[in-house]
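S.K.: File follows, my_file-v6.txt with compact mmCIF, C-alpha atoms:
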```txt
# COMPACT_ATOMS: atom_id res chain seq x y z
CA MET A 20 0.76 -4.56 70.09
CA GLU A 21 3.16 -5.89 72.71
CA LEU A 22 6.87 -6.24 72.20
CA TYR A 23 8.84 -9.15 73.63
CA PHE A 24 12.52 -8.69 74.28
CA THR A 25 13.45 -12.23 75.37
CA GLY A 26 15.12 -13.15 72.07
CA ILE A 27 17.03 -9.89 71.85
CA ILE A 28 18.22 -10.17 75.45
CA ILE A 29 19.44 -13.72 74.83
CA ALA A 30 21.10 -12.75 71.53
CA ILE A 31 22.97 -9.75 72.94
CA SER A 32 23.99 -11.67 76.05
CA THR A 33 25.22 -14.58 73.91
CA PHE A 34 27.34 -12.14 71.92
CA PHE A 35 28.95 -10.87 75.15
CA ILE A 36 29.44 -14.37 76.56
CA ILE A 37 31.25 -15.49 73.41
CA GLY A 38 33.20 -12.23 73.49
CA PHE A 39 34.25 -13.07 77.05
CA PHE A 40 35.53 -16.54 76.14
CA HIS A 41 37.53 -15.45 73.07
CA PRO A 42 40.23 -13.49 74.92
CA LEU A 43 40.01 -15.87 77.88
CA VAL A 44 41.10 -18.79 75.67
CA ILE A 45 43.99 -16.74 74.28
CA LYS A 46 45.19 -15.75 77.76
CA VAL A 47 44.80 -19.24 79.25
CA GLU A 48 46.77 -20.79 76.39
CA TYR A 49 49.48 -18.14 76.66
CA TYR A 50 49.99 -18.50 80.41
CA THR A 51 49.19 -22.17 81.06
CA GLY A 52 48.98 -23.93 77.72
CA THR A 53 46.32 -26.58 77.23
CA HIS A 54 46.73 -28.03 80.71
CA LEU A 55 43.54 -26.42 82.05
CA TRP A 56 41.16 -27.84 79.44
CA TRP A 57 39.46 -29.83 82.19
CA VAL A 58 38.42 -26.60 83.94
CA PHE A 59 36.47 -25.60 80.82
CA LEU A 60 34.92 -29.09 80.79
CA LEU A 61 33.89 -28.89 84.43
CA VAL A 62 32.47 -25.37 84.09
CA GLY A 63 30.64 -26.33 80.90
CA VAL A 64 29.05 -29.50 82.21
CA CYS A 65 28.08 -27.88 85.53
CA SER A 66 26.60 -24.85 83.78
CA ILE A 67 24.54 -26.92 81.38
CA GLY A 68 23.39 -29.09 84.27
CA ALA A 69 22.46 -26.02 86.30
CA ALA A 70 20.52 -24.56 83.37
CA MET A 71 18.10 -27.49 83.60
CA PHE A 72 17.08 -26.45 87.10
CA VAL A 73 16.44 -22.75 86.40
CA GLU A 74 12.82 -21.92 85.68
CA ASN A 75 13.38 -18.47 84.19
CA ALA A 76 13.76 -18.89 80.41
CA ILE A 77 16.22 -16.04 79.93
CA LEU A 78 18.47 -17.01 82.83
CA SER A 79 18.34 -20.70 81.93
CA SER A 80 19.26 -19.88 78.33
CA LEU A 81 22.18 -17.71 79.38
CA ILE A 82 23.54 -20.32 81.77
CA GLY A 83 23.25 -22.90 78.98
CA VAL A 84 25.00 -20.61 76.49
CA PHE A 85 27.75 -19.99 79.05
CA GLY A 86 28.18 -23.75 79.50
CA ALA A 87 28.17 -24.44 75.77
CA SER A 88 30.74 -21.68 75.25
CA ALA A 89 32.94 -23.20 77.94
CA LEU A 90 32.75 -26.58 76.23
CA TRP A 91 33.47 -25.03 72.83
CA SER A 92 36.50 -23.33 74.38
CA ILE A 93 38.16 -26.71 74.93
CA GLY A 94 38.54 -27.15 71.18
CA GLU A 95 39.52 -23.53 70.78
CA LEU A 96 42.24 -23.94 73.41
CA PHE A 97 43.91 -26.68 71.37
CA SER A 98 43.34 -24.71 68.15
CA GLN A 99 44.95 -21.69 69.80
CA LYS A 100 48.04 -23.77 70.50
CA LYS A 101 48.24 -24.61 66.77
CA ARG A 102 47.79 -20.95 65.88
CA VAL A 103 50.71 -20.09 68.18
CA GLU A 104 52.83 -22.80 66.56
CA ARG A 105 52.05 -21.29 63.15
CA GLY A 106 53.18 -17.91 64.41
CA TRP A 107 49.75 -16.25 64.25
CA PHE A 108 49.82 -15.43 67.98
CA PRO A 109 52.73 -14.72 70.32
CA MET A 110 54.38 -17.63 72.08
CA ASN A 111 55.07 -17.45 75.78
CA PRO A 112 58.89 -17.72 75.92
CA ARG A 113 58.71 -19.48 79.28
CA ARG A 114 56.72 -22.32 77.70
CA ARG A 115 58.69 -22.59 74.44
CA HIS A 116 59.45 -26.27 75.08
CA GLU A 117 55.73 -27.19 74.90
CA TYR A 118 55.42 -26.37 71.21
CA GLN A 119 56.41 -28.55 68.26
CA HIS A 120 58.07 -25.76 66.31
CA ALA A 121 59.60 -23.68 69.06
CA GLU A 122 61.36 -21.10 66.92
CA LEU A 123 61.95 -17.84 68.70
```
For this file, write the structure as structure tokens.

M.R.:
Amino acid sequence: MELYFTGIIIAISTFFIIGFFHPLVIKVEYYTGTHLWWVFLLVGVCSIGAAMFVENAILSSLIGVFGASALWSIGELFSQKKRVERGWFPMNPRRRHEYQHAEL
């Protein structure tokens, strides 16, 4: 009986890729706001495009997951701004004017 680890490798790597983007979105929103959403778009589209040219199934999958996570992060970036406005996350005092309810 042979064991194949492709699925497990992709699953664990996906977990770490998503884990990478979670704090990244929080930091980007804190320091720059939502202004850099286009960087996530560019990285996401380029990564998904690049995944189509990679023959190795594991590497292609991981590049695609990275790209999809970058695209998902665009929505999360705007959601993070709403979470900051609700007081669930700290607001950057230097960017107080960018929020609707700038109470601090």

S.K.: Under the rule that all atoms listed in the file are counted, which of A:Trp56, A:Tyr118, A:Thr51, A:Phe85 is the nearest residue to Arg105 of chain A?

M.R.: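 Of A:Trp56, A:Tyr118, A:Thr51, A:Phe85, the one nearest Arg105 of chain A is A:Tyr118, counting all atoms listed in the file.
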
S.K.: Show me, as a ChimeraX atom specification, the residues that have an atom within 12 Å of Ile28 of chain A when counting only C-alpha atoms, minus same-chain residues fewer than 2 positions from it.

M.R.: /A:23-26,30-35,76-78,80-81

S.K.: Residues at most 10 Å from Gly68 of chain A, counting all atoms listed in the file, excluding those fewer than 5 positions away in the same chain, as a count of residues only?

M.R.: 6

S.K.: Go through A:Leu60, A:Val103, A:Ile37, A:Ala87 one by one, measure the shortest atom-to-atom distance of each to Glu117 of chain A using only C-alpha atoms, and give the residue with the smallest value.

M.R.: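 Checking each candidate against Glu117 of chain A, we get A:Val103 as the closest.
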
S.K.: Can you find the residues with an atom no farther than 12 Å from (35.1, -26.5, 70.0), counting all atoms listed in the file, and report them as a list in words?

M.R.: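 Residues with an atom close enough to that point: Phe40, His41, Val44, Trp56, Phe59, Leu60, Gly63, Ala87, Ser88, Ala89, Leu90, Trp91, Ser92, Ile93, Gly94, Glu95, Leu96, Phe97, Ser98 and Gln99 of chain A.
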